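A.B. asks: File follows, my_file21.cif with mmCIF, C-alpha atoms (C1' of nucleotides):
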```cif
data_model
loop_
_atom_site.group_PDB
_atom_site.id
_atom_site.type_symbol
_atom_site.label_atom_id
_atom_site.label_comp_id
_atom_site.auth_asym_id
_atom_site.auth_seq_id
_atom_site.Cartn_x
_atom_site.Cartn_y
_atom_site.Cartn_z
ATOM 1 C CA MET A 1 67.635 68.994 121.584
ATOM 2 C CA ARG A 2 65.637 71.780 120.070
ATOM 3 C CA ARG A 3 61.950 71.797 120.888
ATOM 4 C CA ARG A 4 59.706 71.961 117.866
ATOM 5 C CA SER A 5 56.130 73.032 117.442
ATOM 6 C CA PRO A 6 53.875 70.115 116.515
ATOM 7 C CA ALA A 7 51.694 72.152 114.120
ATOM 8 C CA ALA A 8 52.872 70.391 110.965
ATOM 9 C CA LEU A 9 52.594 66.973 112.589
ATOM 10 C CA LEU A 10 49.010 67.546 113.700
ATOM 11 C CA ARG A 11 47.846 68.426 110.176
ATOM 12 C CA LYS A 12 48.727 65.008 108.796
ATOM 13 C CA TRP A 13 46.143 62.424 107.743
ATOM 14 C CA ASN A 14 47.371 59.463 109.740
ATOM 15 C CA THR A 15 45.849 59.912 113.176
ATOM 16 C CA PRO A 16 47.310 56.751 114.750
ATOM 17 C CA ALA A 17 50.766 57.847 113.586
ATOM 18 C CA ILE A 18 50.235 61.297 115.072
ATOM 19 C CA ALA A 19 49.088 59.737 118.326
ATOM 20 C CA GLN A 20 52.224 57.608 118.532
ATOM 21 C CA ARG A 21 54.431 60.574 117.766
ATOM 22 C CA LEU A 22 52.770 62.481 120.610
ATOM 23 C CA LEU A 23 54.142 59.902 123.024
ATOM 24 C CA GLY A 24 57.344 61.791 122.325
ATOM 25 C CA ALA A 25 55.844 65.127 123.288
ATOM 26 C CA SER A 26 54.981 67.036 126.417
ATOM 27 C CA LEU A 27 51.875 68.817 127.542
ATOM 28 C CA VAL A 28 52.754 72.224 128.933
ATOM 29 C CA ARG A 29 50.389 74.006 131.281
ATOM 30 C CA ARG A 30 50.634 77.576 132.436
ATOM 31 C CA TRP A 31 48.390 78.197 135.418
ATOM 32 C CA HIS A 32 48.515 81.072 137.884
ATOM 33 C CA GLY A 33 51.911 82.122 136.567
ATOM 34 C CA LYS A 34 53.507 78.705 136.941
ATOM 35 C CA THR A 35 54.497 76.573 133.977
ATOM 36 C CA THR A 36 54.640 72.799 134.333
ATOM 37 C CA VAL A 37 55.711 70.227 131.753
ATOM 38 C CA TYR A 38 54.049 66.819 131.584
ATOM 39 C CA PRO A 39 55.523 64.206 129.225
ATOM 40 C CA ILE A 40 52.658 62.443 127.482
ATOM 41 C CA THR A 41 52.399 58.763 128.378
ATOM 42 C CA GLU A 42 49.081 57.532 126.978
ATOM 43 C CA VAL A 43 46.921 58.546 124.003
ATOM 44 C CA GLU A 44 44.110 57.285 121.769
ATOM 45 C CA ALA A 45 43.357 58.031 118.122
ATOM 46 C CA TYR A 46 39.833 58.853 116.914
ATOM 47 C CA ASP A 47 40.023 58.788 113.185
ATOM 48 C CA GLY A 48 37.681 59.908 110.450
ATOM 49 C CA PHE A 49 34.041 59.459 109.462
ATOM 50 C CA ASP A 50 33.905 55.685 109.753
ATOM 51 C CA ASP A 51 35.357 55.240 113.222
ATOM 52 C CA LEU A 52 32.331 54.086 115.209
ATOM 53 C CA ALA A 53 34.056 54.934 118.474
ATOM 54 C CA SER A 54 34.420 58.566 117.428
ATOM 55 C CA HIS A 55 31.952 61.328 118.195
ATOM 56 C CA ALA A 56 32.182 62.190 114.509
ATOM 57 C CA SER A 57 30.880 58.845 113.257
ATOM 58 C CA ARG A 58 27.276 60.055 113.149
ATOM 59 C CA GLY A 59 28.067 63.299 111.432
ATOM 60 C CA ARG A 60 28.695 66.785 112.565
ATOM 61 C CA THR A 61 26.914 68.063 115.665
ATOM 62 C CA LYS A 62 27.318 71.125 117.804
ATOM 63 C CA ARG A 63 29.572 69.269 120.225
ATOM 64 C CA ASN A 64 31.874 67.535 117.753
ATOM 65 C CA ALA A 65 32.145 70.339 115.176
ATOM 66 C CA LEU A 66 35.653 71.129 116.361
ATOM 67 C CA MET A 67 36.811 67.689 115.251
ATOM 68 C CA PHE A 68 36.036 68.752 111.686
ATOM 69 C CA GLY A 69 37.960 71.957 112.130
ATOM 70 C CA LYS A 70 41.535 73.046 112.108
ATOM 71 C CA ALA A 71 44.244 70.846 113.568
ATOM 72 C CA GLY A 72 46.025 72.097 116.638
ATOM 73 C CA HIS A 73 42.987 73.236 118.569
ATOM 74 C CA TRP A 74 41.766 71.692 121.808
ATOM 75 C CA TYR A 75 38.584 69.672 121.811
ATOM 76 C CA VAL A 76 37.432 69.468 125.420
ATOM 77 C CA TYR A 77 34.134 67.833 126.232
ATOM 78 C CA PHE A 78 32.175 66.948 129.366
ATOM 79 C CA THR A 79 30.982 63.428 130.057
ATOM 80 C CA TYR A 80 29.396 61.250 132.748
ATOM 81 C CA GLY A 81 28.074 64.373 134.386
ATOM 82 C CA MET A 82 31.427 65.166 135.955
ATOM 83 C CA HIS A 83 34.487 64.604 133.797
ATOM 84 C CA TRP A 84 36.320 66.707 131.218
ATOM 85 C CA MET A 85 38.187 64.956 128.399
ATOM 86 C CA LEU A 86 41.110 66.579 126.596
ATOM 87 C CA ASN A 87 41.719 66.019 122.881
ATOM 88 C CA ILE A 88 43.910 67.708 120.305
ATOM 89 C CA VAL A 89 42.265 68.119 116.906
ATOM 90 C CA THR A 90 44.244 66.553 114.069
ATOM 91 C CA GLY A 91 44.029 66.073 110.312
ATOM 92 C CA PRO A 92 43.146 68.339 107.411
ATOM 93 C CA LYS A 93 40.153 70.630 107.657
ATOM 94 C CA ASP A 94 36.807 68.826 107.205
ATOM 95 C CA TYR A 95 38.356 65.472 108.132
ATOM 96 C CA PRO A 96 37.143 64.666 111.665
ATOM 97 C CA ALA A 97 39.948 63.368 113.826
ATOM 98 C CA ALA A 98 41.487 63.926 117.222
ATOM 99 C CA VAL A 99 43.850 62.413 119.736
ATOM 100 C CA LEU A 100 42.599 61.885 123.285
ATOM 101 C CA ILE A 101 45.288 62.544 125.870
ATOM 102 C CA ARG A 102 44.778 59.977 128.601
ATOM 103 C CA GLY A 103 47.963 60.248 130.595
ATOM 104 C CA ALA A 104 50.898 62.625 131.141
ATOM 105 C CA GLY A 105 53.574 62.960 133.746
ATOM 106 C CA ASP A 106 52.602 60.816 136.707
ATOM 107 C CA ILE A 107 48.913 61.222 135.976
ATOM 108 C CA SER A 108 47.023 58.215 134.657
ATOM 109 C CA GLY A 109 43.441 58.561 133.415
ATOM 110 C CA PRO A 110 41.924 61.225 131.173
ATOM 111 C CA ALA A 111 39.596 62.737 133.779
ATOM 112 C CA ARG A 112 42.292 62.826 136.444
ATOM 113 C CA LEU A 113 44.544 64.574 133.966
ATOM 114 C CA THR A 114 42.082 67.371 133.265
ATOM 115 C CA LYS A 115 41.266 67.718 136.945
ATOM 116 C CA GLN A 116 44.881 68.117 137.998
ATOM 117 C CA LEU A 117 45.689 70.530 135.178
ATOM 118 C CA HIS A 118 42.493 72.580 135.700
ATOM 119 C CA ILE A 119 41.348 71.872 132.178
ATOM 120 C CA THR A 120 37.682 72.605 131.491
ATOM 121 C CA GLY A 121 35.400 73.673 128.658
ATOM 122 C CA ALA A 122 37.015 77.095 128.876
ATOM 123 C CA LEU A 123 39.774 75.629 126.706
ATOM 124 C CA ASN A 124 37.429 74.092 124.146
ATOM 125 C CA GLY A 125 38.245 75.461 120.705
ATOM 126 C CA ARG A 126 41.314 77.341 121.904
ATOM 127 C CA SER A 127 44.550 76.943 120.016
ATOM 128 C CA ALA A 128 47.258 74.749 121.525
ATOM 129 C CA SER A 129 49.604 77.661 122.061
ATOM 130 C CA PRO A 130 51.088 79.543 124.986
ATOM 131 C CA GLN A 131 48.305 82.103 124.634
ATOM 132 C CA SER A 132 45.743 79.562 125.735
ATOM 133 C CA GLY A 133 47.898 78.414 128.630
ATOM 134 C CA LEU A 134 48.023 74.847 127.354
ATOM 135 C CA TRP A 135 50.269 73.672 124.554
ATOM 136 C CA LEU A 136 52.473 70.889 123.234
ATOM 137 C CA VAL A 137 56.181 70.585 122.590
ATOM 138 C CA LEU A 138 57.816 67.783 120.673
ATOM 139 C CA ASN A 139 60.646 65.788 122.170
ATOM 140 C CA ASP A 140 62.490 62.844 120.661
ATOM 141 C CA PRO A 141 60.127 60.356 119.049
ATOM 142 C CA PRO A 142 59.679 57.155 121.038
ATOM 143 C CA ARG A 143 61.160 53.946 119.694
ATOM 144 C CA LYS A 144 58.592 51.614 118.249
ATOM 145 C CA LYS A 145 59.462 48.916 120.762
ATOM 146 C CA ASP A 146 58.708 51.344 123.572
ATOM 147 C CA ILE A 147 55.096 51.769 122.468
ATOM 148 C CA ILE A 148 52.353 49.402 123.632
ATOM 149 C CA ARG A 149 49.340 49.208 121.290
ATOM 150 C CA THR A 150 45.944 48.142 122.652
ATOM 151 C CA PRO A 151 42.273 48.637 121.886
ATOM 152 C CA ARG A 152 40.802 51.885 123.149
ATOM 153 C CA ILE A 153 39.211 52.065 126.593
ATOM 154 C CA GLY A 154 35.470 52.387 127.103
ATOM 155 C CA VAL A 155 34.362 52.006 123.489
ATOM 156 C CA ALA A 156 32.538 48.659 123.571
ATOM 157 C CA TYR A 157 29.598 50.427 121.910
ATOM 158 C CA ALA A 158 31.654 50.854 118.730
ATOM 159 C CA GLY A 159 30.964 47.372 117.352
ATOM 160 C CA PRO A 160 33.220 44.386 116.709
ATOM 161 C CA VAL A 161 35.604 46.087 114.325
ATOM 162 C CA TRP A 162 36.145 49.551 115.719
ATOM 163 C CA SER A 163 36.089 48.618 119.389
ATOM 164 C CA LYS A 164 39.031 46.322 118.741
ATOM 165 C CA LYS A 165 41.237 48.593 116.682
ATOM 166 C CA LYS A 166 44.546 49.076 118.396
ATOM 167 C CA TYR A 167 44.313 52.823 118.560
ATOM 168 C CA ARG A 168 45.468 53.217 122.149
ATOM 169 C CA PHE A 169 49.159 53.840 122.614
ATOM 170 C CA VAL A 170 51.045 53.718 125.890
ATOM 171 C CA ARG A 171 54.655 54.530 126.461
ATOM 172 C CA LYS A 172 56.509 51.733 128.175
ATOM 173 C CA HIS A 173 59.190 53.643 129.983
ATOM 174 C CA ARG A 174 59.000 56.913 131.738
ATOM 175 C CA VAL A 175 60.929 59.569 129.873
ATOM 176 C "C1'" DG B 1 30.806 44.846 140.977
ATOM 177 C "C1'" DC B 2 28.305 49.470 140.255
ATOM 178 C "C1'" DA B 3 26.558 54.451 141.657
ATOM 179 C "C1'" DG B 4 27.212 59.089 140.691
ATOM 180 C "C1'" DT B 5 26.065 63.004 137.693
ATOM 181 C "C1'" DG B 6 24.281 66.075 133.901
ATOM 182 C "C1'" DA B 7 25.163 67.455 128.935
ATOM 183 C "C1'" DT B 8 24.128 65.743 124.534
ATOM 184 C "C1'" DC B 9 21.656 63.651 120.953
ATOM 185 C "C1'" DA B 10 17.996 60.934 118.694
ATOM 186 C "C1'" DT B 11 13.306 60.377 118.626
ATOM 187 C "C1'" DA B 12 8.842 62.355 118.634
ATOM 188 C "C1'" DA C 1 9.625 67.032 125.732
ATOM 189 C "C1'" DT C 2 11.620 62.701 127.005
ATOM 190 C "C1'" DG C 3 14.865 59.069 127.690
ATOM 191 C "C1'" DA C 4 19.214 56.561 126.731
ATOM 192 C "C1'" DT C 5 23.735 57.089 126.636
ATOM 193 C "C1'" DC C 6 28.279 58.220 127.925
ATOM 194 C "C1'" DA C 7 36.252 58.319 124.905
ATOM 195 C "C1'" DC C 8 35.277 57.899 133.643
ATOM 196 C "C1'" DT C 9 36.335 57.445 138.538
ATOM 197 C "C1'" DG C 10 36.023 55.905 143.130
ATOM 198 C "C1'" DC C 11 34.172 53.149 146.327
ATOM 199 C "C1'" DC C 12 31.911 48.528 147.447
#
```
Render the structure in this file as structure tokens.
C.D. replies:
Amino acid sequence: MRRRSPAALLRKWNTPAIAQRLLGASLVRRWHGKTTVYPITEVEAYDGFDDLASHASRGRTKRNALMFGKAGHWYVYFTYGMHWMLNIVTGPKDYPAAVLIRGAGDISGPARLTKQLHITGALNGRSASPQSGLWLVLNDPPRKKDIIRTPRIGVAYAGPVWSKKKYRFVRKHRV
DNA sequence: GCAGTGATCATA
DNA sequence: ATGATCACTGCC
């Protein structure tokens, strides 16, 4: 099949839908002249102003400003004093949303993913395009029955409603 | 079960 | 300026 750019997909409003569609996409990394393709296996949606699990829920700050920006850019932040987290910014401009990429290829866990792919703050704010060395390509969308929906990981602080939203999506079968 | 590790943000 | 927190991992 023809590989399509996900630019139009990422601009949409429905972040959980985008996240699920990205389970039918691959992360492509170019590093030291070698290009490797990692089919995405696990994602989480962080959606809008009201999502108490989202960095954007308490308004715009220096760190989260990218979430309010243009879709299709990487939002990479540092946490727990040692881990980088990789997100793709989604939604229209001024609507804060992103999809956290938690697993791809054989790699499980968002910090392991960034470590293995050499992803750091150097990519923060860069466009998801070959120029940045890290981009996305769309494959066939996953079937609905091949997607597991669960609450997001590590967001107990988000209160009874938002910590339980089923905004984590895992692909059942390897692609 | 919990230590590690340091940027970020709210509070002052 | 200070202190709590953290979209995690690895080892106990």
A.B. asks: Return as a tab-separated table the residues of chain A lying at most 10 Å from chain B, together with the closest atom-to-atom pair for each and the distance in Å to one decimal, counting all atoms listed in the file, with rows in chain order and ascending residue number.
C.D. replies:
```
residue	atom	partner	partner_atom	distance
A:Thr61	CA	B:DC9	C1'	8.7
A:Lys62	CA	B:DT8	C1'	9.2
A:Arg63	CA	B:DT8	C1'	7.8
A:Tyr77	CA	B:DA7	C1'	9.4
A:Phe78	CA	B:DA7	C1'	7.0
A:Thr79	CA	B:DA7	C1'	7.2
A:Tyr80	CA	B:DT5	C1'	6.2
A:Gly81	CA	B:DT5	C1'	4.1
A:Met82	CA	B:DT5	C1'	6.0
A:His83	CA	B:DT5	C1'	9.4
```
A.B. asks: Using only the atoms of region 76-92 of chain A listed in the file, plus 8 Å on each side, state the axis-aligned box centre and edge lengths in Å rounded to one decimal, as AutoDock Vina command-line options.
C.D. replies:
```
--center_x 36.2 --center_y 65.4 --center_z 121.7 --size_x 32.2 --size_y 24.2 --size_z 44.5
```
A.B. asks: Once the PyMOL selection byres ((chain C) within 9 of (chain A)) has been applied to the shown file, what residues remain in the selection, as a compact mmCIF listing (two decimals) with C-alpha atoms (C1' of nucleotides), in the frame of the given file?
C.D. replies:
```
# COMPACT_ATOMS: atom_id res chain seq x y z
C1' DC C 6 28.28 58.22 127.92
C1' DA C 7 36.25 58.32 124.90
C1' DC C 8 35.28 57.90 133.64
C1' DT C 9 36.34 57.44 138.54
```
A.B. asks: May I ask for the distance between CA of Val99 (chain A) and C1' of DT5 (chain C), given in Å to one decimal place?
C.D. replies: 21.9 Å
A.B. asks: Between CA of Ser127 (chain A) and CA of Gly91 (chain A), what is the spacing in Å?
C.D. replies: 14.6 Å
A.B. asks: Excluding Gly133 (chain A) and its own-chain neighbours fewer than 2 positions away, which residues fall within 12 Å of it when counting all atoms listed in the file? Please give them as a ChimeraX atom specification.
C.D. replies: /A:27-37,74,117-119,122-123,126-131,135-136
A.B. asks: In Å, rounded to a single decimal, give me how far CA of Ala71 (chain A) is from CA of Arg11 (chain A).
C.D. replies: 5.5 Å
A.B. asks: Which residue is closest to Ser132 (chain A)? Choose from A:Leu113, A:Pro151, A:Gly72, A:Lys144 and count only C-alpha atoms.
C.D. replies: A:Gly72
A.B. asks: Considering all atoms listed in the file, can you say which of A:Val170, A:Ala25, A:Leu9, A:Ile18 comes closest to Gly103 (chain A)?
C.D. replies: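 Looking at the shortest contact to Gly103 (chain A), the residue is A:Val170.
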A.B. asks: In terms of the shortest atom-to-atom distance over all atoms listed in the file, which of A:Ser108, A:Val76, A:Lys166, A:Ala158 is closest to Leu52 (chain A)?
C.D. replies: A:Ala158
